[in-house]
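Down below is the structure, laid out as structure tokens.
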Amino acid sequence: MRRFLIDTDTASDDAVALIMALRSPDVAVEALTIVAGNVPLDRCIQNALYTAELCGSSVPVYAGLARPLFRDLTTAEIVHGQDGLGDIGLDLTGRSAAEGHAVDVLVETICGSPGEVTLVTLGPLSNVGAALLRAPEMAEAVQHCYIMGGTGQLPGNITPAAEFNIYVDPEAARIVFESGMPITMVGWDVSWTCAFMGPEAEARIRAIGTPYSDFTCDIQATLTEFAEGMLGIAGFDLPDPLAMAVALDPSIAETDDRYVEVVSGDGPARGQTIVDHLGATRKAPNVSVVTHVPPEAFMDSLCATLR
Ligand code: RIB
Ligand code: CA
């Protein structure tokens, strides 16, 4: 069994990624650590607990940072709905997180089993950045870190330069990318091109006919409206499930090892992941950047866990 820790700002795509991990037979999800992002922290916590309950899982869910390390929180209700799961009337109240703080859980779990725990991050990197500030040795101890974040190729999705997770807490992301942790970055560029669900793909998922497949489609209601309104296309993209599919089977991803620098601060490039594709900086690569995942391989990975 592979041991996973998942850090998430649980909303409509995160929840599908959680189902994939919780329902993969060869993965033991040790804990879900929650970070504010798509929606405020308490809603992310409730969404994670709801999703775990849907999967019949008692995985512990730990509250983490309610805002970025050094700046106010930016949320994305326009993309995921006020409740984060498409505002379709789910009962997302009354569930309780486990005792303890996410940052402590990240440090203790990873450093307690050097080389054994895979970390998958699906939200802003505030928790992981804080954990690395507290215990830099975590970078050595983690087996591998799969990050949904950044863009291998422009544009971004929240600004022309940046993807949401990195934009929300660029200072934390800079700490993570400079930490020496073994990182595979699944950017929004590949999500948009390799994990976009058009009408046929959605119909294929719905045809599975389980509570997991229905949930997967139903909670994308706001995201679908957003995509059609802002971008004029029918469907939704699944960045976090794509990152989870790569974490579950790295062989499906084509990657380039690149030096990547995160832009912190408040300028127009805030949160940009500057990927040195040509080696111009002469700096050693610190990230394995995913450049492509065959859409069929992603769909097979996703659908296998929804049956
Ligand atoms: O930019 C997409 C990422 O931001 C996804 O993880 C989505 O859930 C939001 O967190
Ligand atoms: Ca997310």
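Convention: chains lettered A, B, ... in structure tokens order; per-chain residue numbering from 1; ligands numbered from 1 as shown.
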
Within 7 Å of ligand 2, which residues show up when you count only C-alpha atoms and all ligand atoms? List them as an MDAnalysis selection string, please. chainID A and resid 8:11 13:14 38 122:123 240

May I have the residues within 12 Å of A:Gly115 as a ChimeraX atom specification, using only C-alpha atoms and disregarding those fewer than 4 positions away in the same chain? /A:2-4,109-111,119,137-145,181-182

Just write the chosen residues, all heavy atoms, as a short mmCIF file (atom, residue, chain, number, x, y, z; two decimals), in the first residue's frame.
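Output file part-v9.cif follows:
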```cif
data_model
loop_
_atom_site.label_atom_id
_atom_site.label_comp_id
_atom_site.auth_asym_id
_atom_site.auth_seq_id
_atom_site.Cartn_x
_atom_site.Cartn_y
_atom_site.Cartn_z
N ARG A 2 0.59 2.18 -0.87
CA ARG A 2 1.30 3.47 -0.85
C ARG A 2 0.61 4.38 0.18
O ARG A 2 -0.61 4.40 0.29
CB ARG A 2 1.26 4.11 -2.23
CG ARG A 2 1.99 3.31 -3.29
CD ARG A 2 1.79 3.92 -4.66
NE ARG A 2 2.37 5.26 -4.76
CZ ARG A 2 2.07 6.12 -5.73
NH1 ARG A 2 1.15 5.79 -6.64
NH2 ARG A 2 2.64 7.30 -5.80
N ARG A 3 1.41 5.11 0.93
CA ARG A 3 0.85 6.00 1.97
C ARG A 3 0.76 7.43 1.44
O ARG A 3 1.77 8.00 1.03
CB ARG A 3 1.75 5.94 3.20
CG ARG A 3 1.81 4.56 3.85
CD ARG A 3 2.86 4.50 4.95
NE ARG A 3 2.53 5.43 6.02
CZ ARG A 3 3.35 5.68 7.05
NH1 ARG A 3 4.56 5.10 7.10
NH2 ARG A 3 3.00 6.53 8.01
N PHE A 4 -0.45 7.95 1.41
CA PHE A 4 -0.71 9.31 0.87
C PHE A 4 -1.13 10.25 2.00
O PHE A 4 -1.89 9.85 2.90
CB PHE A 4 -1.83 9.28 -0.16
CG PHE A 4 -1.42 8.95 -1.56
CD1 PHE A 4 -0.34 8.12 -1.84
CD2 PHE A 4 -2.13 9.48 -2.64
CE1 PHE A 4 0.02 7.80 -3.15
CE2 PHE A 4 -1.78 9.18 -3.96
CZ PHE A 4 -0.70 8.34 -4.21
N THR A 109 3.82 13.23 10.35
CA THR A 109 3.58 12.03 9.51
C THR A 109 4.73 11.81 8.55
O THR A 109 5.25 10.70 8.42
CB THR A 109 2.26 12.19 8.73
OG1 THR A 109 1.19 12.47 9.64
CG2 THR A 109 1.94 10.92 7.94
N ILE A 110 5.15 12.88 7.89
CA ILE A 110 6.20 12.75 6.87
C ILE A 110 7.56 12.49 7.52
O ILE A 110 8.28 11.56 7.16
CB ILE A 110 6.24 13.99 5.97
CG1 ILE A 110 4.97 14.06 5.11
CG2 ILE A 110 7.49 13.99 5.09
CD1 ILE A 110 4.79 15.37 4.35
N CYS A 111 7.89 13.28 8.55
CA CYS A 111 9.21 13.11 9.19
C CYS A 111 9.25 11.85 10.07
O CYS A 111 10.33 11.32 10.33
CB CYS A 111 9.55 14.34 10.03
SG CYS A 111 9.75 15.82 9.01
N LEU A 119 3.09 13.06 -0.67
CA LEU A 119 2.24 14.23 -0.39
C LEU A 119 1.63 14.71 -1.71
O LEU A 119 2.35 14.92 -2.70
CB LEU A 119 3.09 15.35 0.23
CG LEU A 119 2.40 16.70 0.46
CD1 LEU A 119 1.21 16.56 1.42
CD2 LEU A 119 3.40 17.72 1.03
N GLU A 137 13.61 19.73 7.34
CA GLU A 137 13.99 18.35 7.03
C GLU A 137 12.85 17.56 6.38
O GLU A 137 13.05 16.49 5.82
CB GLU A 137 14.47 17.63 8.29
CG GLU A 137 13.43 17.40 9.39
CD GLU A 137 13.24 18.59 10.32
OE1 GLU A 137 13.68 19.71 9.98
OE2 GLU A 137 12.63 18.38 11.40
N MET A 138 11.65 18.13 6.41
CA MET A 138 10.51 17.45 5.77
C MET A 138 10.75 17.29 4.27
O MET A 138 10.31 16.32 3.66
CB MET A 138 9.22 18.26 6.01
CG MET A 138 7.96 17.54 5.64
SD MET A 138 6.49 18.52 6.05
CE MET A 138 6.22 19.40 4.50
N ALA A 139 11.52 18.22 3.70
CA ALA A 139 11.78 18.16 2.25
C ALA A 139 12.53 16.89 1.86
O ALA A 139 12.28 16.31 0.82
CB ALA A 139 12.57 19.40 1.82
N GLU A 140 13.42 16.49 2.74
CA GLU A 140 14.20 15.25 2.51
C GLU A 140 13.35 14.02 2.81
O GLU A 140 13.50 12.98 2.21
CB GLU A 140 15.40 15.21 3.49
CG GLU A 140 16.49 16.21 3.21
CD GLU A 140 17.37 15.77 2.05
OE1 GLU A 140 17.92 14.64 2.11
OE2 GLU A 140 17.45 16.52 1.08
N ALA A 141 12.48 14.15 3.80
CA ALA A 141 11.77 12.96 4.32
C ALA A 141 10.62 12.52 3.42
O ALA A 141 10.28 11.35 3.37
CB ALA A 141 11.24 13.26 5.72
N VAL A 142 10.03 13.48 2.68
CA VAL A 142 8.87 13.10 1.87
C VAL A 142 9.28 12.19 0.71
O VAL A 142 10.40 12.36 0.16
CB VAL A 142 8.16 14.38 1.32
CG1 VAL A 142 8.96 15.04 0.21
CG2 VAL A 142 6.74 14.06 0.89
N GLN A 143 8.43 11.19 0.43
CA GLN A 143 8.78 10.27 -0.67
C GLN A 143 8.73 11.04 -1.99
O GLN A 143 9.64 11.00 -2.81
CB GLN A 143 7.79 9.10 -0.67
CG GLN A 143 8.25 7.86 -1.44
CD GLN A 143 7.99 7.97 -2.93
OE1 GLN A 143 7.00 8.59 -3.35
NE2 GLN A 143 8.87 7.41 -3.75
N HIS A 144 7.64 11.77 -2.23
CA HIS A 144 7.49 12.63 -3.40
C HIS A 144 6.32 13.56 -3.13
O HIS A 144 5.43 13.24 -2.35
CB HIS A 144 7.22 11.81 -4.68
CG HIS A 144 7.56 12.56 -5.93
ND1 HIS A 144 8.83 12.56 -6.49
CD2 HIS A 144 6.80 13.37 -6.72
CE1 HIS A 144 8.82 13.31 -7.58
NE2 HIS A 144 7.61 13.81 -7.74
N CYS A 145 6.37 14.71 -3.80
CA CYS A 145 5.27 15.69 -3.65
C CYS A 145 4.69 16.02 -5.01
O CYS A 145 5.40 16.48 -5.91
CB CYS A 145 5.80 16.97 -2.98
SG CYS A 145 4.50 18.22 -2.76
N MET A 181 12.41 19.78 -1.95
CA MET A 181 11.48 18.63 -1.94
C MET A 181 11.38 18.09 -3.37
O MET A 181 11.36 18.87 -4.32
CB MET A 181 10.11 19.13 -1.45
CG MET A 181 9.14 18.05 -1.09
SD MET A 181 7.95 18.58 0.16
CE MET A 181 7.16 19.94 -0.65
N PRO A 182 11.30 16.78 -3.57
CA PRO A 182 11.09 16.23 -4.92
C PRO A 182 9.66 16.52 -5.36
O PRO A 182 8.70 16.02 -4.77
CB PRO A 182 11.33 14.73 -4.74
CG PRO A 182 11.09 14.46 -3.29
CD PRO A 182 11.43 15.71 -2.55
#
```

Which residue, A:Ser96, A:Asn157, A:Thr51, A:Thr224, has the smallest gap to ligand 1 when you use only C-alpha atoms and all ligand atoms?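 With only C-alpha atoms and all ligand atoms as the atom set, the closest residue is A:Asn157.
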
Given only C-alpha atoms as the counted atoms, nearest of A:Met244, A:Leu238, A:Ala172, A:Ala284 to A:Arg71: A:Ala172

Among stretch 165-233 of chain A, which residues does DSSP mark as strand (DSSP E) when it is run on the backbone? Keep the chain and numbering as in the structure and answer as an mmCIF file with N, CA, C and O atoms, in the first residue's frame.
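New file result-v4.cif:
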```
data_model
loop_
_atom_site.group_PDB
_atom_site.id
_atom_site.type_symbol
_atom_site.label_atom_id
_atom_site.label_comp_id
_atom_site.auth_asym_id
_atom_site.auth_seq_id
_atom_site.Cartn_x
_atom_site.Cartn_y
_atom_site.Cartn_z
ATOM 1 N N ILE A 183 9.525 17.368 -6.386
ATOM 2 C CA ILE A 183 8.207 17.892 -6.789
ATOM 3 C C ILE A 183 7.898 17.501 -8.222
ATOM 4 O O ILE A 183 8.741 17.658 -9.120
ATOM 5 N N THR A 184 6.665 17.048 -8.414
ATOM 6 C CA THR A 184 6.086 16.958 -9.755
ATOM 7 C C THR A 184 4.955 17.975 -9.820
ATOM 8 O O THR A 184 4.062 17.953 -8.961
ATOM 9 N N MET A 185 5.021 18.888 -10.787
ATOM 10 C CA MET A 185 4.035 19.967 -10.897
ATOM 11 C C MET A 185 3.056 19.673 -12.031
ATOM 12 O O MET A 185 3.468 19.502 -13.194
ATOM 13 N N VAL A 186 1.788 19.591 -11.659
ATOM 14 C CA VAL A 186 0.726 19.410 -12.654
ATOM 15 C C VAL A 186 0.031 20.765 -12.792
ATOM 16 O O VAL A 186 -0.725 21.172 -11.907
ATOM 17 N N PHE A 196 -10.191 18.088 -19.652
ATOM 18 C CA PHE A 196 -11.411 18.882 -19.830
ATOM 19 C C PHE A 196 -12.566 17.942 -20.155
ATOM 20 O O PHE A 196 -12.444 17.082 -21.033
ATOM 21 N N MET A 197 -13.655 18.094 -19.382
ATOM 22 C CA MET A 197 -14.793 17.212 -19.566
ATOM 23 C C MET A 197 -15.844 17.917 -20.424
ATOM 24 O O MET A 197 -16.556 18.805 -19.954
#
```

Contact residues around A:His292 with only C-alpha atoms at 10 Å, ignoring same-chain residues under 4 positions, as a ChimeraX atom specification: /A:186-187,189-191,193-194,252-256

Requested write-out: N, CA and C atoms of the selected residues, as a PDB file, in the first residue's frame:
```pdb
ATOM      1  N   VAL A 186       1.788  19.591 -11.659  1.00  0.00           N
ATOM      2  CA  VAL A 186       0.726  19.410 -12.654  1.00  0.00           C
ATOM      3  C   VAL A 186       0.031  20.765 -12.792  1.00  0.00           C
ATOM      4  N   GLY A 187       0.325  21.453 -13.847  1.00  0.00           N
ATOM      5  CA  GLY A 187      -0.133  22.838 -14.009  1.00  0.00           C
ATOM      6  C   GLY A 187      -1.520  22.937 -14.625  1.00  0.00           C
ATOM      7  N   ASP A 189      -2.208  24.423 -17.263  1.00  0.00           N
ATOM      8  CA  ASP A 189      -2.136  24.279 -18.725  1.00  0.00           C
ATOM      9  C   ASP A 189      -2.467  22.845 -19.154  1.00  0.00           C
ATOM     10  N   VAL A 190      -1.901  21.860 -18.452  1.00  0.00           N
ATOM     11  CA  VAL A 190      -2.205  20.467 -18.840  1.00  0.00           C
ATOM     12  C   VAL A 190      -3.617  20.069 -18.403  1.00  0.00           C
ATOM     13  N   SER A 191      -4.096  20.672 -17.271  1.00  0.00           N
ATOM     14  CA  SER A 191      -5.462  20.363 -16.868  1.00  0.00           C
ATOM     15  C   SER A 191      -6.437  20.790 -17.965  1.00  0.00           C
ATOM     16  N   THR A 193      -5.929  21.170 -21.121  1.00  0.00           N
ATOM     17  CA  THR A 193      -5.810  20.443 -22.404  1.00  0.00           C
ATOM     18  C   THR A 193      -6.021  18.934 -22.246  1.00  0.00           C
ATOM     19  N   CYS A 194      -5.760  18.390 -21.061  1.00  0.00           N
ATOM     20  CA  CYS A 194      -5.799  16.915 -20.930  1.00  0.00           C
ATOM     21  C   CYS A 194      -6.911  16.409 -20.022  1.00  0.00           C
ATOM     22  N   ILE A 252       1.734   7.745 -16.437  1.00  0.00           N
ATOM     23  CA  ILE A 252       0.834   8.299 -17.469  1.00  0.00           C
ATOM     24  C   ILE A 252       1.264   9.700 -17.904  1.00  0.00           C
ATOM     25  N   ALA A 253       2.220  10.294 -17.164  1.00  0.00           N
ATOM     26  CA  ALA A 253       2.580  11.697 -17.425  1.00  0.00           C
ATOM     27  C   ALA A 253       3.886  11.818 -18.207  1.00  0.00           C
ATOM     28  N   GLU A 254       3.871  12.708 -19.192  1.00  0.00           N
ATOM     29  CA  GLU A 254       5.119  13.120 -19.845  1.00  0.00           C
ATOM     30  C   GLU A 254       5.639  14.318 -19.065  1.00  0.00           C
ATOM     31  N   THR A 255       6.921  14.344 -18.738  1.00  0.00           N
ATOM     32  CA  THR A 255       7.453  15.427 -17.903  1.00  0.00           C
ATOM     33  C   THR A 255       8.790  15.937 -18.443  1.00  0.00           C
ATOM     34  N   ASP A 256       9.088  17.193 -18.059  1.00  0.00           N
ATOM     35  CA  ASP A 256      10.421  17.765 -18.283  1.00  0.00           C
ATOM     36  C   ASP A 256      10.958  18.227 -16.934  1.00  0.00           C
TER      37      ASP A 256
END
```

Between A:Cys44, A:Ala31, A:Ile274, A:Cys303, which is the closest to ligand 1 once you count only C-alpha atoms and all ligand atoms?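 When distances to ligand 1 are compared using only C-alpha atoms and all ligand atoms, the smallest one comes from A:Cys44.
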
Name all residues at most 9 Å from A:Glu225 (count only C-alpha atoms; drop same-chain ones fewer than 6 positions away) and give them as a PyMOL selection string. chain A and resi 79+234-236

Counting only C-alpha atoms, what is within 10 Å of A:Arg282, bar same-chain residues fewer than 4 positions away, as a ChimeraX atom specification? /A:259,276,278

Have a look at A:Ala161, A:Ala243, A:Glu228, A:Ser213 and name the one nearest to A:Arg270; count only C-alpha atoms. A:Ala161

List as a PyMOL selection string the protein and nucleic acid residues near A:Ala221, meaning an atom at most 8 Å away when only C-alpha atoms are counted, but skip any in the same chain fewer than 3 places from it. chain A and resi 80+86-88+217-218+224-225

Expressed in Å to a single decimal, how great is the separation between atom 3 (C, counted along the ligand's line) of ligand 1 and atom CA of A:Glu171?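 Between atom 3 (C, counted along the ligand's line) of ligand 1 and atom CA of A:Glu171 the gap is 16.7 Å.
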